[in-house]
$ cat protein-v3.pdb   # PDB, C-alpha atoms, pLDDT in the B column
ATOM      1  CA  MET B 143     -97.429 -79.558 -27.406  1.00 75.00           C
ATOM      2  CA  GLU B 144     -96.972 -79.920 -23.777  1.00 84.00           C
ATOM      3  CA  ILE B 145     -93.868 -77.771 -23.895  1.00 86.00           C
ATOM      4  CA  LEU B 146     -95.769 -75.066 -25.724  1.00 84.00           C
ATOM      5  CA  ASN B 147     -98.513 -75.123 -23.096  1.00 85.00           C
ATOM      6  CA  GLN B 148     -95.944 -74.807 -20.321  1.00 83.00           C
ATOM      7  CA  ALA B 149     -94.336 -71.815 -22.058  1.00 81.00           C
ATOM      8  CA  MET B 150     -97.746 -70.120 -22.366  1.00 81.00           C
ATOM      9  CA  GLU B 151     -98.495 -70.658 -18.681  1.00 83.00           C
ATOM     10  CA  PHE B 152     -95.047 -69.295 -17.716  1.00 80.00           C
ATOM     11  CA  THR B 153     -95.568 -66.119 -19.751  1.00 78.00           C
ATOM     12  CA  GLN B 154     -99.040 -65.549 -18.317  1.00 81.00           C
ATOM     13  CA  GLN B 155     -97.761 -65.923 -14.735  1.00 82.00           C
ATOM     14  CA  TYR B 156     -94.693 -63.716 -15.100  1.00 81.00           C
ATOM     15  CA  SER B 157     -95.826 -61.276 -17.777  1.00 80.00           C
ATOM     16  CA  LEU B 158     -96.252 -58.494 -15.252  1.00 83.00           C
ATOM     17  CA  PHE B 159     -92.594 -58.867 -14.122  1.00 83.00           C
ATOM     18  CA  PHE B 160     -91.407 -59.070 -17.714  1.00 81.00           C
ATOM     19  CA  LEU B 161     -93.263 -55.882 -18.648  1.00 85.00           C
ATOM     20  CA  ALA B 162     -91.972 -54.044 -15.538  1.00 89.00           C
ATOM     21  CA  GLY B 163     -88.384 -55.054 -16.400  1.00 88.00           C
ATOM     22  CA  MET B 164     -88.785 -53.856 -19.969  1.00 90.00           C
ATOM     23  CA  PHE B 165     -90.244 -50.575 -18.724  1.00 93.00           C
ATOM     24  CA  VAL B 166     -87.209 -50.013 -16.415  1.00 94.00           C
ATOM     25  CA  VAL B 167     -84.785 -50.748 -19.271  1.00 94.00           C
ATOM     26  CA  ILE B 168     -86.638 -48.340 -21.592  1.00 96.00           C
ATOM     27  CA  LEU B 169     -86.678 -45.652 -18.874  1.00 96.00           C
ATOM     28  CA  ILE B 170     -82.887 -46.007 -18.378  1.00 96.00           C
ATOM     29  CA  LEU B 171     -82.337 -45.756 -22.145  1.00 96.00           C
ATOM     30  CA  VAL B 172     -84.500 -42.604 -22.347  1.00 96.00           C
ATOM     31  CA  ILE B 173     -82.488 -40.967 -19.535  1.00 96.00           C
ATOM     32  CA  CYS B 174     -79.196 -41.883 -21.236  1.00 95.00           C
ATOM     33  CA  MET B 175     -80.452 -40.484 -24.552  1.00 96.00           C
ATOM     34  CA  THR B 176     -81.500 -37.214 -22.864  1.00 96.00           C
ATOM     35  CA  VAL B 177     -78.067 -36.801 -21.222  1.00 95.00           C
ATOM     36  CA  MET B 178     -76.266 -37.636 -24.473  1.00 96.00           C
ATOM     37  CA  ASN B 179     -78.443 -35.193 -26.403  1.00 95.00           C
ATOM     38  CA  SER B 180     -77.653 -32.314 -24.004  1.00 95.00           C
ATOM     39  CA  ARG B 181     -73.927 -33.053 -24.194  1.00 94.00           C
ATOM     40  CA  MET B 182     -74.122 -33.197 -27.977  1.00 95.00           C
ATOM     41  CA  LYS B 183     -75.798 -29.767 -28.048  1.00 94.00           C
ATOM     42  CA  GLU B 184     -73.017 -28.301 -25.858  1.00 93.00           C
ATOM     43  CA  LEU B 185     -70.360 -29.808 -28.114  1.00 92.00           C
ATOM     44  CA  GLN B 186     -72.129 -28.532 -31.232  1.00 91.00           C
ATOM     45  CA  ALA B 187     -72.335 -25.021 -29.745  1.00 86.00           C
ATOM     46  CA  ALA B 188     -68.611 -25.045 -28.911  1.00 81.00           C
ATOM     47  CA  TYR B 189     -67.783 -26.334 -32.396  1.00 80.00           C
ATOM     48  CA  ASP B 190     -69.941 -23.635 -34.008  1.00 79.00           C
ATOM     49  CA  ASP B 191     -68.207 -20.930 -31.960  1.00 74.00           C
ATOM     50  CA  PHE B 192     -64.812 -22.285 -32.976  1.00 71.00           C
ATOM     51  CA  MET B 193     -65.651 -22.598 -36.674  1.00 71.00           C
ATOM     52  CA  ARG B 194     -67.603 -19.327 -36.957  1.00 70.00           C
ATOM     53  CA  GLY B 195     -66.368 -17.268 -39.848  1.00 59.00           C
ATOM     54  CA  ASN B 196     -66.113 -17.526 -43.610  1.00 56.00           C
ATOM     55  CA  ASP B 197     -65.056 -20.969 -44.751  1.00 58.00           C
ATOM     56  CA  GLY B 198     -62.774 -21.700 -41.800  1.00 58.00           C
ATOM     57  CA  LYS B 199     -60.750 -18.501 -42.148  1.00 62.00           C
ATOM     58  CA  SER B 200     -61.198 -17.739 -38.458  1.00 68.00           C
ATOM     59  CA  LEU B 201     -59.797 -21.204 -37.692  1.00 73.00           C
ATOM     60  CA  GLU B 202     -56.796 -20.474 -39.894  1.00 75.00           C
ATOM     61  CA  GLY B 203     -56.232 -17.173 -38.072  1.00 77.00           C
ATOM     62  CA  ILE B 204     -56.436 -18.884 -34.693  1.00 78.00           C
ATOM     63  CA  LEU B 205     -53.923 -21.531 -35.750  1.00 83.00           C
ATOM     64  CA  LYS B 206     -51.514 -18.877 -37.092  1.00 86.00           C
ATOM     65  CA  THR B 207     -51.767 -16.963 -33.812  1.00 88.00           C
ATOM     66  CA  VAL B 208     -51.091 -20.124 -31.797  1.00 90.00           C
ATOM     67  CA  VAL B 209     -48.058 -21.001 -33.938  1.00 91.00           C
ATOM     68  CA  GLU B 210     -46.639 -17.452 -33.660  1.00 93.00           C
ATOM     69  CA  ASP B 211     -47.192 -17.418 -29.891  1.00 93.00           C
ATOM     70  CA  ASN B 212     -45.468 -20.779 -29.640  1.00 93.00           C
ATOM     71  CA  LYS B 213     -42.436 -19.464 -31.550  1.00 92.00           C
ATOM     72  CA  ARG B 214     -42.240 -16.383 -29.290  1.00 93.00           C
ATOM     73  CA  VAL B 215     -42.456 -18.520 -26.163  1.00 93.00           C
ATOM     74  CA  LYS B 216     -39.697 -20.831 -27.435  1.00 92.00           C
ATOM     75  CA  ILE B 217     -37.408 -17.879 -28.196  1.00 90.00           C
ATOM     76  CA  GLN B 218     -38.052 -16.295 -24.784  1.00 92.00           C
ATOM     77  CA  CYS B 219     -37.466 -19.622 -22.989  1.00 90.00           C
ATOM     78  CA  LYS B 220     -34.181 -20.082 -24.854  1.00 89.00           C
ATOM     79  CA  ARG B 221     -33.084 -16.553 -23.855  1.00 88.00           C
ATOM     80  CA  ASP B 222     -34.053 -17.159 -20.229  1.00 88.00           C
ATOM     81  CA  ILE B 223     -32.188 -20.460 -20.148  1.00 87.00           C
ATOM     82  CA  ASP B 224     -29.106 -18.905 -21.769  1.00 83.00           C
ATOM     83  CA  GLU B 225     -29.076 -16.028 -19.259  1.00 84.00           C
ATOM     84  CA  SER B 226     -29.566 -18.401 -16.360  1.00 83.00           C
ATOM     85  CA  MET B 227     -26.735 -20.641 -17.537  1.00 81.00           C
ATOM     86  CA  LYS B 228     -24.401 -17.669 -18.047  1.00 77.00           C
ATOM     87  CA  LYS B 229     -25.105 -16.412 -14.543  1.00 77.00           C
ATOM     88  CA  GLY B 230     -24.617 -19.890 -13.120  1.00 74.00           C
ATOM     89  CA  LEU B 231     -21.365 -20.465 -15.003  1.00 72.00           C
ATOM     90  CA  LYS B 232     -20.007 -17.093 -13.954  1.00 71.00           C
ATOM     91  CA  ALA B 233     -20.462 -18.071 -10.305  1.00 75.00           C
ATOM     92  CA  THR B 234     -18.694 -21.448 -10.612  1.00 83.00           C
ATOM     93  CA  TYR B 235     -15.014 -21.976  -9.892  1.00 84.00           C
ATOM     94  CA  LYS B 236     -13.439 -22.435 -13.291  1.00 84.00           C
ATOM     95  CA  LYS B 237      -9.965 -20.936 -12.945  1.00 88.00           C
ATOM     96  CA  ILE B 238      -7.490 -23.104 -11.106  1.00 91.00           C
ATOM     97  CA  GLY B 239      -3.913 -22.615 -10.016  1.00 91.00           C
ATOM     98  CA  ILE B 240      -1.900 -24.971  -7.833  1.00 91.00           C
ATOM     99  CA  MET B 241       1.677 -24.788  -6.621  1.00 91.00           C
ATOM    100  CA  LYS B 242       3.311 -27.702  -4.802  1.00 91.00           C
ATOM    101  CA  TYR B 243       6.422 -27.083  -2.722  1.00 87.00           C
ATOM    102  CA  ASP B 244       8.573 -28.237   0.162  1.00 84.00           C
ATOM    103  CA  THR B 245       8.114 -26.093   3.253  1.00 79.00           C
ATOM    104  CA  PHE B 246      11.635 -26.768   4.601  1.00 75.00           C
ATOM    105  CA  ARG B 247      14.925 -27.634   3.024  1.00 70.00           C
ATOM    106  CA  GLY B 248      15.697 -31.231   3.620  1.00 65.00           C
ATOM    107  CA  MET B 249      12.056 -32.270   3.228  1.00 69.00           C
ATOM    108  CA  SER B 250      11.129 -33.872  -0.025  1.00 69.00           C
ATOM    109  CA  GLY B 251       8.027 -34.962  -1.865  1.00 76.00           C
ATOM    110  CA  LYS B 252       6.487 -31.506  -2.199  1.00 82.00           C
ATOM    111  CA  LEU B 253       3.753 -32.288   0.311  1.00 85.00           C
ATOM    112  CA  SER B 254       2.799 -28.625   0.826  1.00 90.00           C
ATOM    113  CA  PHE B 255       0.630 -26.795  -1.675  1.00 92.00           C
ATOM    114  CA  SER B 256      -1.279 -23.604  -2.452  1.00 94.00           C
ATOM    115  CA  LEU B 257      -4.489 -23.961  -4.435  1.00 95.00           C
ATOM    116  CA  ALA B 258      -6.311 -20.992  -5.983  1.00 94.00           C
ATOM    117  CA  LEU B 259      -9.898 -21.387  -7.208  1.00 93.00           C
ATOM    118  CA  LEU B 260     -11.541 -18.416  -8.947  1.00 91.00           C
ATOM    119  CA  ASP B 261     -14.879 -17.765 -10.639  1.00 86.00           C
ATOM    120  CA  GLY B 262     -15.612 -15.636 -13.721  1.00 80.00           C
ATOM    121  CA  ASP B 263     -15.195 -12.421 -11.691  1.00 84.00           C
ATOM    122  CA  ASP B 264     -11.753 -13.553 -10.460  1.00 88.00           C
ATOM    123  CA  SER B 265     -13.198 -14.017  -6.970  1.00 90.00           C
ATOM    124  CA  GLY B 266     -12.691 -17.111  -4.866  1.00 92.00           C
ATOM    125  CA  PHE B 267     -10.021 -18.286  -2.448  1.00 95.00           C
ATOM    126  CA  VAL B 268      -6.484 -19.556  -2.014  1.00 95.00           C
ATOM    127  CA  LEU B 269      -6.111 -22.656   0.165  1.00 95.00           C
ATOM    128  CA  SER B 270      -2.625 -23.370   1.467  1.00 93.00           C
ATOM    129  CA  SER B 271      -1.578 -26.506   3.252  1.00 92.00           C
ATOM    130  CA  MET B 272       1.879 -26.541   4.838  1.00 89.00           C
ATOM    131  CA  HIS B 273       3.294 -29.931   5.757  1.00 86.00           C
ATOM    132  CA  THR B 274       5.906 -29.853   8.524  1.00 83.00           C
ATOM    133  CA  GLN B 275       7.534 -32.439  10.752  1.00 81.00           C
ATOM    134  CA  ASP B 276       5.092 -31.490  13.515  1.00 82.00           C
ATOM    135  CA  GLY B 277       1.924 -31.708  11.401  1.00 84.00           C
ATOM    136  CA  CYS B 278      -0.027 -30.119   8.636  1.00 88.00           C
ATOM    137  CA  TYR B 279      -1.391 -26.573   8.783  1.00 90.00           C
ATOM    138  CA  SER B 280      -4.053 -25.174   6.435  1.00 93.00           C
ATOM    139  CA  TYR B 281      -4.827 -21.547   5.638  1.00 92.00           C
ATOM    140  CA  LEU B 282      -7.642 -20.090   3.574  1.00 94.00           C
ATOM    141  CA  LYS B 283      -7.478 -16.575   2.119  1.00 94.00           C
ATOM    142  CA  GLU B 284     -10.334 -14.879   0.303  1.00 94.00           C
ATOM    143  CA  ILE B 285      -9.770 -13.399  -3.161  1.00 94.00           C
ATOM    144  CA  ILE B 286     -12.086 -10.648  -4.446  1.00 92.00           C
ATOM    145  CA  HIS B 287     -11.679  -9.550  -8.072  1.00 91.00           C
ATOM    146  CA  GLY B 288      -8.145 -10.935  -8.204  1.00 90.00           C
ATOM    147  CA  GLN B 289      -6.985  -9.211  -4.999  1.00 91.00           C
ATOM    148  CA  SER B 290      -6.453 -10.479  -1.465  1.00 90.00           C
ATOM    149  CA  HIS B 291      -6.764  -8.335   1.643  1.00 90.00           C
ATOM    150  CA  ALA B 292      -4.434 -10.734   3.452  1.00 91.00           C
ATOM    151  CA  THR B 293      -0.740 -10.981   2.680  1.00 91.00           C
ATOM    152  CA  LEU B 294       0.021 -13.833   0.302  1.00 92.00           C
ATOM    153  CA  SER B 295       3.142 -15.978   0.361  1.00 90.00           C
ATOM    154  CA  ASN B 296       5.170 -16.394  -2.825  1.00 89.00           C
ATOM    155  CA  GLU B 297       3.571 -19.787  -3.476  1.00 90.00           C
ATOM    156  CA  GLU B 298       0.085 -18.385  -2.900  1.00 92.00           C
ATOM    157  CA  ARG B 299       0.821 -15.493  -5.277  1.00 92.00           C
ATOM    158  CA  ASP B 300       2.078 -17.970  -7.889  1.00 92.00           C
ATOM    159  CA  ALA B 301      -1.061 -20.112  -7.523  1.00 92.00           C
ATOM    160  CA  LEU B 302      -3.219 -16.975  -7.783  1.00 92.00           C
ATOM    161  CA  GLU B 303      -1.264 -15.789 -10.827  1.00 91.00           C
ATOM    162  CA  MET B 304      -1.699 -19.198 -12.430  1.00 90.00           C
ATOM    163  CA  ALA B 305      -5.461 -19.061 -11.815  1.00 90.00           C
ATOM    164  CA  LEU B 306      -5.759 -15.472 -13.099  1.00 89.00           C
ATOM    165  CA  ASN B 307      -3.822 -16.433 -16.230  1.00 87.00           C
ATOM    166  CA  TYR B 308      -5.460 -19.813 -16.483  1.00 76.00           C
ATOM    167  CA  ASN B 309      -3.802 -20.620 -19.821  1.00 55.00           C
ATOM    168  CA  VAL B 310      -0.274 -19.658 -18.714  1.00 47.00           C
ATOM    169  CA  ASP B 311       2.366 -22.347 -19.125  1.00 51.00           C
ATOM    170  CA  ALA B 312       2.736 -24.039 -15.726  1.00 49.00           C
ATOM    171  CA  ALA B 313       6.347 -24.966 -16.436  1.00 48.00           C
ATOM    172  CA  LYS B 314       7.423 -21.293 -16.329  1.00 58.00           C
ATOM    173  CA  LEU B 315       5.869 -20.872 -12.894  1.00 55.00           C
ATOM    174  CA  GLU B 316       7.425 -24.096 -11.614  1.00 55.00           C
ATOM    175  CA  GLU B 317      10.838 -22.872 -12.796  1.00 59.00           C
ATOM    176  CA  LYS B 318      10.281 -19.606 -10.929  1.00 61.00           C
ATOM    177  CA  GLN B 319       9.205 -21.568  -7.874  1.00 55.00           C
ATOM    178  CA  ALA B 320      12.358 -23.705  -7.888  1.00 56.00           C
ATOM    179  CA  GLN B 321      14.477 -20.550  -7.681  1.00 59.00           C
ATOM    180  CA  GLN B 322      12.579 -19.082  -4.723  1.00 57.00           C
ATOM    181  CA  VAL B 323      13.300 -19.596  -1.047  1.00 53.00           C
ATOM    182  CA  THR B 324      10.223 -19.804   1.195  1.00 51.00           C
ATOM    183  CA  PRO B 325       9.875 -17.472   4.231  1.00 51.00           C
ATOM    184  CA  VAL B 326      10.166 -20.458   6.569  1.00 49.00           C
ATOM    185  CA  GLN B 327      13.401 -21.512   4.881  1.00 51.00           C
ATOM    186  CA  GLN B 328      14.731 -17.942   5.226  1.00 54.00           C
ATOM    187  CA  ASP B 329      14.033 -18.029   8.986  1.00 52.00           C
ATOM    188  CA  ILE B 330      15.870 -21.358   9.328  1.00 50.00           C
ATOM    189  CA  ASP B 331      18.827 -20.023   7.356  1.00 57.00           C
ATOM    190  CA  LYS B 332      19.015 -16.977   9.657  1.00 57.00           C
ATOM    191  CA  ASP B 333      18.962 -19.196  12.762  1.00 54.00           C
ATOM    192  CA  LYS B 334      21.849 -21.304  11.390  1.00 53.00           C
ATOM    193  CA  ASN B 335      24.007 -18.224  10.777  1.00 53.00           C
TER
END
$ encode --input "protein-v3.pdb" --output "structure tokens"
Amino acid sequence: MEILNQAMEFTQQYSLFFLAGMFVVILILVICMTVMNSRMKELQAAYDDFMRGNDGKSLEGILKTVVEDNKRVKIQCKRDIDESMKKGLKATYKKIGIMKYDTFRGMSGKLSFSLALLDGDDSGFVLSSMHTQDGCYSYLKEIIHGQSHATLSNEERDALEMALNYNVDAAKLEEKQAQQVTPVQQDIDKDKN
């Protein structure tokens, strides 16, 4: 009984605080309910706008339109990507021709070379590196649509021809190269005579 009396005294002393706390909790719940109710009304209005029509037929029409638009966008993206890739591939060096040779008679190892790199428009360059006893000399000549404005050596022409006819048998060109005498070798031969 004593415990019950103590509980009664406690509630009488702090009842005002207990009631104030309950009032604050109820006020917070009312505010939350008001906010939730307004959001629910907005959602219901949006849903009604979306579903307006006869038995969802407007929804079906919207979904068909979205699917058709999606198909059109996919097709257009694929076309754009294909065009972009074609343009990019056309501008890359994809035709190659290389001729290795000895600059002078008596030198061996074919340390000199002419390298032709061309893009899809047959434009690019020919890089020649001539190895001599004194050093190595490099020359770069521009090629525009398969033609050079600078004079090409026999080896450079062979490398360019190989690049222009990318699928030509390299052995035929090497055989032709073995039969040729380079301009430098011709000058040496003249000096000896």
$ axis_aligned_box --input "protein-v3.pdb" --around "region 212-225 of chain B" --padding-each-side "5 Å" --output "AutoDock Vina command-line options"
--center_x -37.3 --center_y -18.4 --center_z -25.4 --size_x 26.4 --size_y 14.8 --size_z 22.3
$ atom_distance --input "protein-v3.pdb" --atom1 "CA of Asp244 (chain B)" --atom2 "CA of Glu297 (chain B)"
10.5 Å
$ resolve_selection --input "protein-v3.pdb" --expression "the PyMOL selection byres ((chain B and resi 271) around 9)" --output "PyMOL selection string"
chain B and resi 253-257+269-270+272-273+278-282
$ resolve_selection --input "protein-v3.pdb" --expression "the PyMOL selection byres ((chain B and resi 308) around 12)" --output "list in words"
Tyr235, Lys236, Lys237, Ile238, Gly239, Ile240, Ala258, Leu259, Leu260, Asp261, Gly262, Asp264, Asp300, Ala301, Leu302, Glu303, Met304, Ala305, Leu306, Asn307, Asn309, Val310, Asp311, Ala312 and Leu315 of chain B
$ atom_distance --input "protein-v3.pdb" --atom1 "CA of Lys213 (chain B)" --atom2 "CA of Glu225 (chain B)"
18.5 Å
$ atom_distance --input "protein-v3.pdb" --atom1 "CA of Tyr156 (chain B)" --atom2 "CA of Leu169 (chain B)"
20.1 Å
$ decode --input "protein-v3.pdb" --residues "region 210-247 of chain B" --atoms "N, CA and C atoms" --output "compact mmCIF listing (two decimals), in the first residue's frame"
# COMPACT_ATOMS: atom_id res chain seq x y z
N GLU B 210 8.19 4.18 -78.51
CA GLU B 210 8.54 4.57 -79.89
C GLU B 210 9.65 5.62 -79.89
N ASP B 211 9.56 6.59 -78.98
CA ASP B 211 10.61 7.61 -78.87
C ASP B 211 11.94 6.96 -78.51
N ASN B 212 11.89 6.01 -77.61
CA ASN B 212 13.11 5.31 -77.20
C ASN B 212 13.74 4.57 -78.38
N LYS B 213 12.94 3.92 -79.20
CA LYS B 213 13.45 3.22 -80.38
C LYS B 213 14.10 4.21 -81.35
N ARG B 214 13.43 5.37 -81.58
CA ARG B 214 13.98 6.37 -82.49
C ARG B 214 15.31 6.92 -81.97
N VAL B 215 15.38 7.16 -80.68
CA VAL B 215 16.62 7.68 -80.09
C VAL B 215 17.74 6.65 -80.23
N LYS B 216 17.45 5.38 -79.99
CA LYS B 216 18.46 4.33 -80.14
C LYS B 216 18.98 4.26 -81.57
N ILE B 217 18.08 4.33 -82.54
CA ILE B 217 18.48 4.26 -83.95
C ILE B 217 19.35 5.46 -84.31
N GLN B 218 18.94 6.66 -83.87
CA GLN B 218 19.71 7.87 -84.17
C GLN B 218 21.08 7.82 -83.50
N CYS B 219 21.14 7.35 -82.25
CA CYS B 219 22.43 7.23 -81.56
C CYS B 219 23.35 6.25 -82.29
N LYS B 220 22.79 5.13 -82.75
CA LYS B 220 23.60 4.16 -83.49
C LYS B 220 24.14 4.78 -84.77
N ARG B 221 23.30 5.54 -85.49
CA ARG B 221 23.76 6.21 -86.71
C ARG B 221 24.87 7.21 -86.40
N ASP B 222 24.67 8.00 -85.35
CA ASP B 222 25.67 9.00 -84.98
C ASP B 222 27.00 8.34 -84.61
N ILE B 223 26.91 7.25 -83.87
CA ILE B 223 28.13 6.54 -83.47
C ILE B 223 28.82 5.95 -84.69
N ASP B 224 28.04 5.35 -85.60
CA ASP B 224 28.62 4.77 -86.82
C ASP B 224 29.31 5.84 -87.65
N GLU B 225 28.65 6.99 -87.84
CA GLU B 225 29.27 8.07 -88.62
C GLU B 225 30.53 8.58 -87.95
N SER B 226 30.48 8.73 -86.65
CA SER B 226 31.65 9.21 -85.91
C SER B 226 32.81 8.24 -86.03
N MET B 227 32.51 6.95 -85.92
CA MET B 227 33.57 5.94 -86.04
C MET B 227 34.15 5.91 -87.45
N LYS B 228 33.29 6.04 -88.47
CA LYS B 228 33.78 6.05 -89.85
C LYS B 228 34.70 7.23 -90.10
N LYS B 229 34.30 8.40 -89.60
CA LYS B 229 35.15 9.58 -89.76
C LYS B 229 36.47 9.39 -89.03
N GLY B 230 36.41 8.85 -87.83
CA GLY B 230 37.62 8.63 -87.04
C GLY B 230 38.54 7.61 -87.69
N LEU B 231 37.97 6.53 -88.22
CA LEU B 231 38.78 5.50 -88.86
C LEU B 231 39.40 6.00 -90.17
N LYS B 232 38.68 6.87 -90.86
CA LYS B 232 39.21 7.39 -92.11
C LYS B 232 40.45 8.24 -91.86
N ALA B 233 40.51 8.89 -90.70
CA ALA B 233 41.62 9.78 -90.38
C ALA B 233 42.79 9.06 -89.72
N THR B 234 42.68 7.76 -89.47
CA THR B 234 43.79 7.04 -88.83
C THR B 234 44.71 6.46 -89.90
N TYR B 235 45.96 6.30 -89.54
CA TYR B 235 46.92 5.66 -90.45
C TYR B 235 46.66 4.16 -90.44
N LYS B 236 46.25 3.64 -91.59
CA LYS B 236 45.93 2.23 -91.66
C LYS B 236 46.58 1.53 -92.86
N LYS B 237 47.27 2.29 -93.69
CA LYS B 237 47.98 1.70 -94.82
C LYS B 237 49.46 1.90 -94.56
N ILE B 238 50.19 0.81 -94.61
CA ILE B 238 51.60 0.85 -94.23
C ILE B 238 52.44 0.24 -95.33
N GLY B 239 53.57 0.86 -95.58
CA GLY B 239 54.55 0.31 -96.51
C GLY B 239 55.94 0.60 -95.96
N ILE B 240 56.79 -0.40 -95.93
CA ILE B 240 58.15 -0.19 -95.43
C ILE B 240 59.14 -0.91 -96.33
N MET B 241 60.21 -0.22 -96.64
CA MET B 241 61.29 -0.80 -97.45
C MET B 241 62.58 -0.63 -96.68
N LYS B 242 63.29 -1.72 -96.44
CA LYS B 242 64.59 -1.68 -95.78
C LYS B 242 65.66 -1.86 -96.85
N TYR B 243 66.78 -1.14 -96.68
CA TYR B 243 67.83 -1.22 -97.70
C TYR B 243 69.16 -0.80 -97.10
N ASP B 244 70.21 -1.11 -97.85
CA ASP B 244 71.56 -0.64 -97.52
C ASP B 244 71.82 0.62 -98.32
N THR B 245 72.26 1.67 -97.66
CA THR B 245 72.51 2.93 -98.34
C THR B 245 73.72 2.82 -99.27
N PHE B 246 74.77 2.14 -98.85
CA PHE B 246 76.00 2.01 -99.63
C PHE B 246 76.29 0.55 -99.88
N ARG B 247 76.98 0.30 -100.98
CA ARG B 247 77.49 -1.05 -101.19
C ARG B 247 78.57 -1.30 -100.15
